[in-house]
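Engineer: The structure follows.
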Amino acid sequence: MTDPLRTRLLHAITGHVIFDGWGPDSFAMAASDCDVTLGDAKAACPRGALDLAADFHKAGDVVMLTAANKMPLTEMRIRDRVAALVMARLDAAEDKELVRRGSSLFALPGNASEGAALIWGTADAIWTALGDTSEDGNWYSKRAVLSGVYGSTVLYWLGDETPDHQATREFLDRRIENVMQFEKAKAQAQKLPFVGGLISSVMSNVKAPGTATRDDLPGSLNNRT
């Protein structure tokens, strides 16, 4: 269950992040706006603004999934479904500056692994919403590839000023097309003598260990909201 104070702090901090970033000053001002002591605020968010930045990202995933429920996804090609959800995820951001500041925060060495986990969580949410039932190596590779596509698209989107972010959609379509071409090439290569066996051998080595589950992945966010 989400901590009500933590939710209040998230709403309060966004107005300060635009000017001061996801840092201690913004966190202190958010606590003040919520009429709570800094100690109480830190009890709800032990890592301060970093916790709220992560919550902000996860909240965007929830908005995206809500939008997905209203889309005629079954009528679309798979590439169009993926593109629609990525664009919906970008639309879920309240303000580009909040995302820009968050990108800077999670680019720091100490926060990079969590930033990668959050992006993986978004990719996982998209594939899950699309009904992905792949297992083992395919489950990992789909999310890894989409994480890369999503991350590069976010960076492009931050600088896009075209109406309705049309340029971003075109950029995204090109990235997806690149992936599709790679998958076609891989499928063709598997038909060649020896190559198919080699690829299968490589993929077998990235299967989840016998004692591991998807929840063991650093990007498999069990508390995704």
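Simple scheme: letters A, B, ... for chains in structure tokens order, numbers from 1 for residues in each chain, numbers from 1 for ligands in the order shown.
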So which residues of segment 58-112 of chain A fall under alpha helix (DSSP H) by DSSP, listed as an MDAnalysis selection string?
Structural biologist: chainID A and resid 58:68 78:91 96:106 112
Engineer: Just checking: using only C-alpha atoms, which residue out of A:Val154, A:Pro46, A:Ala41, A:Ala68 ends up closest to Ala129 of chain A?
Structural biologist: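 Among A:Val154, A:Pro46, A:Ala41, A:Ala68, it is A:Ala68 that comes nearest to Ala129 of chain A.
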Engineer: Between atom CA of Asp124 of chain A and atom CA of Thr162 of chain A, what is the spacing in Å?
Structural biologist: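 Between atom CA of Thr162 of chain A and atom CA of Asp124 of chain A the gap works out to 28.5 Å.
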Engineer: Leaving out Ala44 of chain A and any residue of its chain fewer than 4 positions from it, which residues lie within 7 Å of it when counting only C-alpha atoms, given as a PyMOL selection string?
Structural biologist: chain A and resi 5-6+40
Engineer: Nearest to Met87 of chain A among A:Asp164, A:Asp132, A:Asp55, A:Glu114, with distances taken over only C-alpha atoms: which residue is it?
Structural biologist: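 Closest candidate: A:Asp164.
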Engineer: Per residue of segment 94-137 of chain A within 7 Å of segment 20-27 of chain A, what are the shortest atom pair and its distance in Å to one decimal, counting only C-alpha atoms, with rows by chain and residue number, as CSV?
Structural biologist:
```
residue,atom,partner,partner_atom,distance
A:Arg101,CA,A:Gly21,CA,5.6
A:Gly102,CA,A:Trp22,CA,6.7
A:Leu105,CA,A:Trp22,CA,6.9
```
Engineer: Those selected residues, please, written with N, CA and C atoms and delivered as a PDB file, in the first residue's frame.
Structural biologist:
```pdb
ATOM      1  N   ARG A 101      15.270  16.495 -15.416  1.00  0.00           N
ATOM      2  CA  ARG A 101      15.955  16.510 -14.119  1.00  0.00           C
ATOM      3  C   ARG A 101      16.121  15.091 -13.577  1.00  0.00           C
ATOM      4  N   GLY A 102      15.112  14.258 -13.812  1.00  0.00           N
ATOM      5  CA  GLY A 102      15.203  12.876 -13.368  1.00  0.00           C
ATOM      6  C   GLY A 102      16.278  12.116 -14.120  1.00  0.00           C
ATOM      7  N   LEU A 105      19.517  12.932 -12.624  1.00  0.00           N
ATOM      8  CA  LEU A 105      19.673  12.287 -11.324  1.00  0.00           C
ATOM      9  C   LEU A 105      20.080  10.826 -11.483  1.00  0.00           C
TER      10      LEU A 105
END
```
Engineer: Would you mind listing what lies within 10 Å of Thr7 of chain A as a ChimeraX atom specification, with only C-alpha atoms counted and same-chain residues fewer than 3 positions away left out?
Structural biologist: /A:2-4,10-12,44,52,55-56
Engineer: Take the selection from the previous step and output its residues with C-alpha atoms, as a PDB file, in the first residue's frame.
Structural biologist:
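File written: part39.pdb
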```
ATOM      1  CA  THR A   2       1.325   3.428  -0.909  1.00  0.00           C
ATOM      2  CA  ASP A   3       2.213   5.667   2.028  1.00  0.00           C
ATOM      3  CA  PRO A   4      -0.239   8.636   1.939  1.00  0.00           C
ATOM      4  CA  LEU A  10       5.469  13.520  -4.529  1.00  0.00           C
ATOM      5  CA  HIS A  11       2.735  15.929  -5.520  1.00  0.00           C
ATOM      6  CA  ALA A  12       4.381  18.715  -3.528  1.00  0.00           C
ATOM      7  CA  ALA A  44       8.452   8.104   4.559  1.00  0.00           C
ATOM      8  CA  LEU A  52      10.201  10.431  -4.973  1.00  0.00           C
ATOM      9  CA  ASP A  55       7.883   7.049  -7.539  1.00  0.00           C
ATOM     10  CA  PHE A  56       7.359   9.690 -10.219  1.00  0.00           C
TER      11      PHE A  56
END
```
Engineer: Taking only C-alpha atoms into account, which of A:Asp160, A:Glu177, A:Asp51, A:Asp35 comes nearest Ile78 of chain A?
Structural biologist: A:Glu177
Engineer: If I take atom CA of Arg89 of chain A and atom CA of Phe106 of chain A, how far is one from the other in Å, to one decimal?
Structural biologist: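 Between these atoms lies a distance of 17.9 Å.
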Engineer: Using only C-alpha atoms, determine which residues lie at most 7 Å from Ala92 of chain A, disregarding the query and same-chain residues fewer than 3 positions distant; provide the list as number ranges by chain.
Structural biologist: A: 60, 63-64, 88-89
Engineer: Write the residues of the selection above to a file with C-alpha atoms, as a PDB file, in the first residue's frame.
Structural biologist:
```pdb
ATOM      1  CA  GLY A  60       4.047   7.368 -15.283  1.00  0.00           C
ATOM      2  CA  VAL A  63      -0.808   6.286 -16.396  1.00  0.00           C
ATOM      3  CA  MET A  64       0.502   4.530 -19.518  1.00  0.00           C
ATOM      4  CA  ALA A  88       1.614   6.929 -24.234  1.00  0.00           C
ATOM      5  CA  ARG A  89       4.397   6.589 -21.670  1.00  0.00           C
TER       6      ARG A  89
END
```
Engineer: Just to confirm, what's the straight-line distance from atom CA of Glu161 of chain A to atom CA of Arg175 of chain A in Å (one decimal)?
Structural biologist: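 That distance, rounded to one decimal, is 19.2 Å.
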Engineer: Name the residues in contact with Leu38 of chain A at a cut-off of 9 Å, using only C-alpha atoms, excluding same-chain residues fewer than 5 positions from it; report them as a PyMOL selection string.
Structural biologist: chain A and resi 27-28+31-32+43
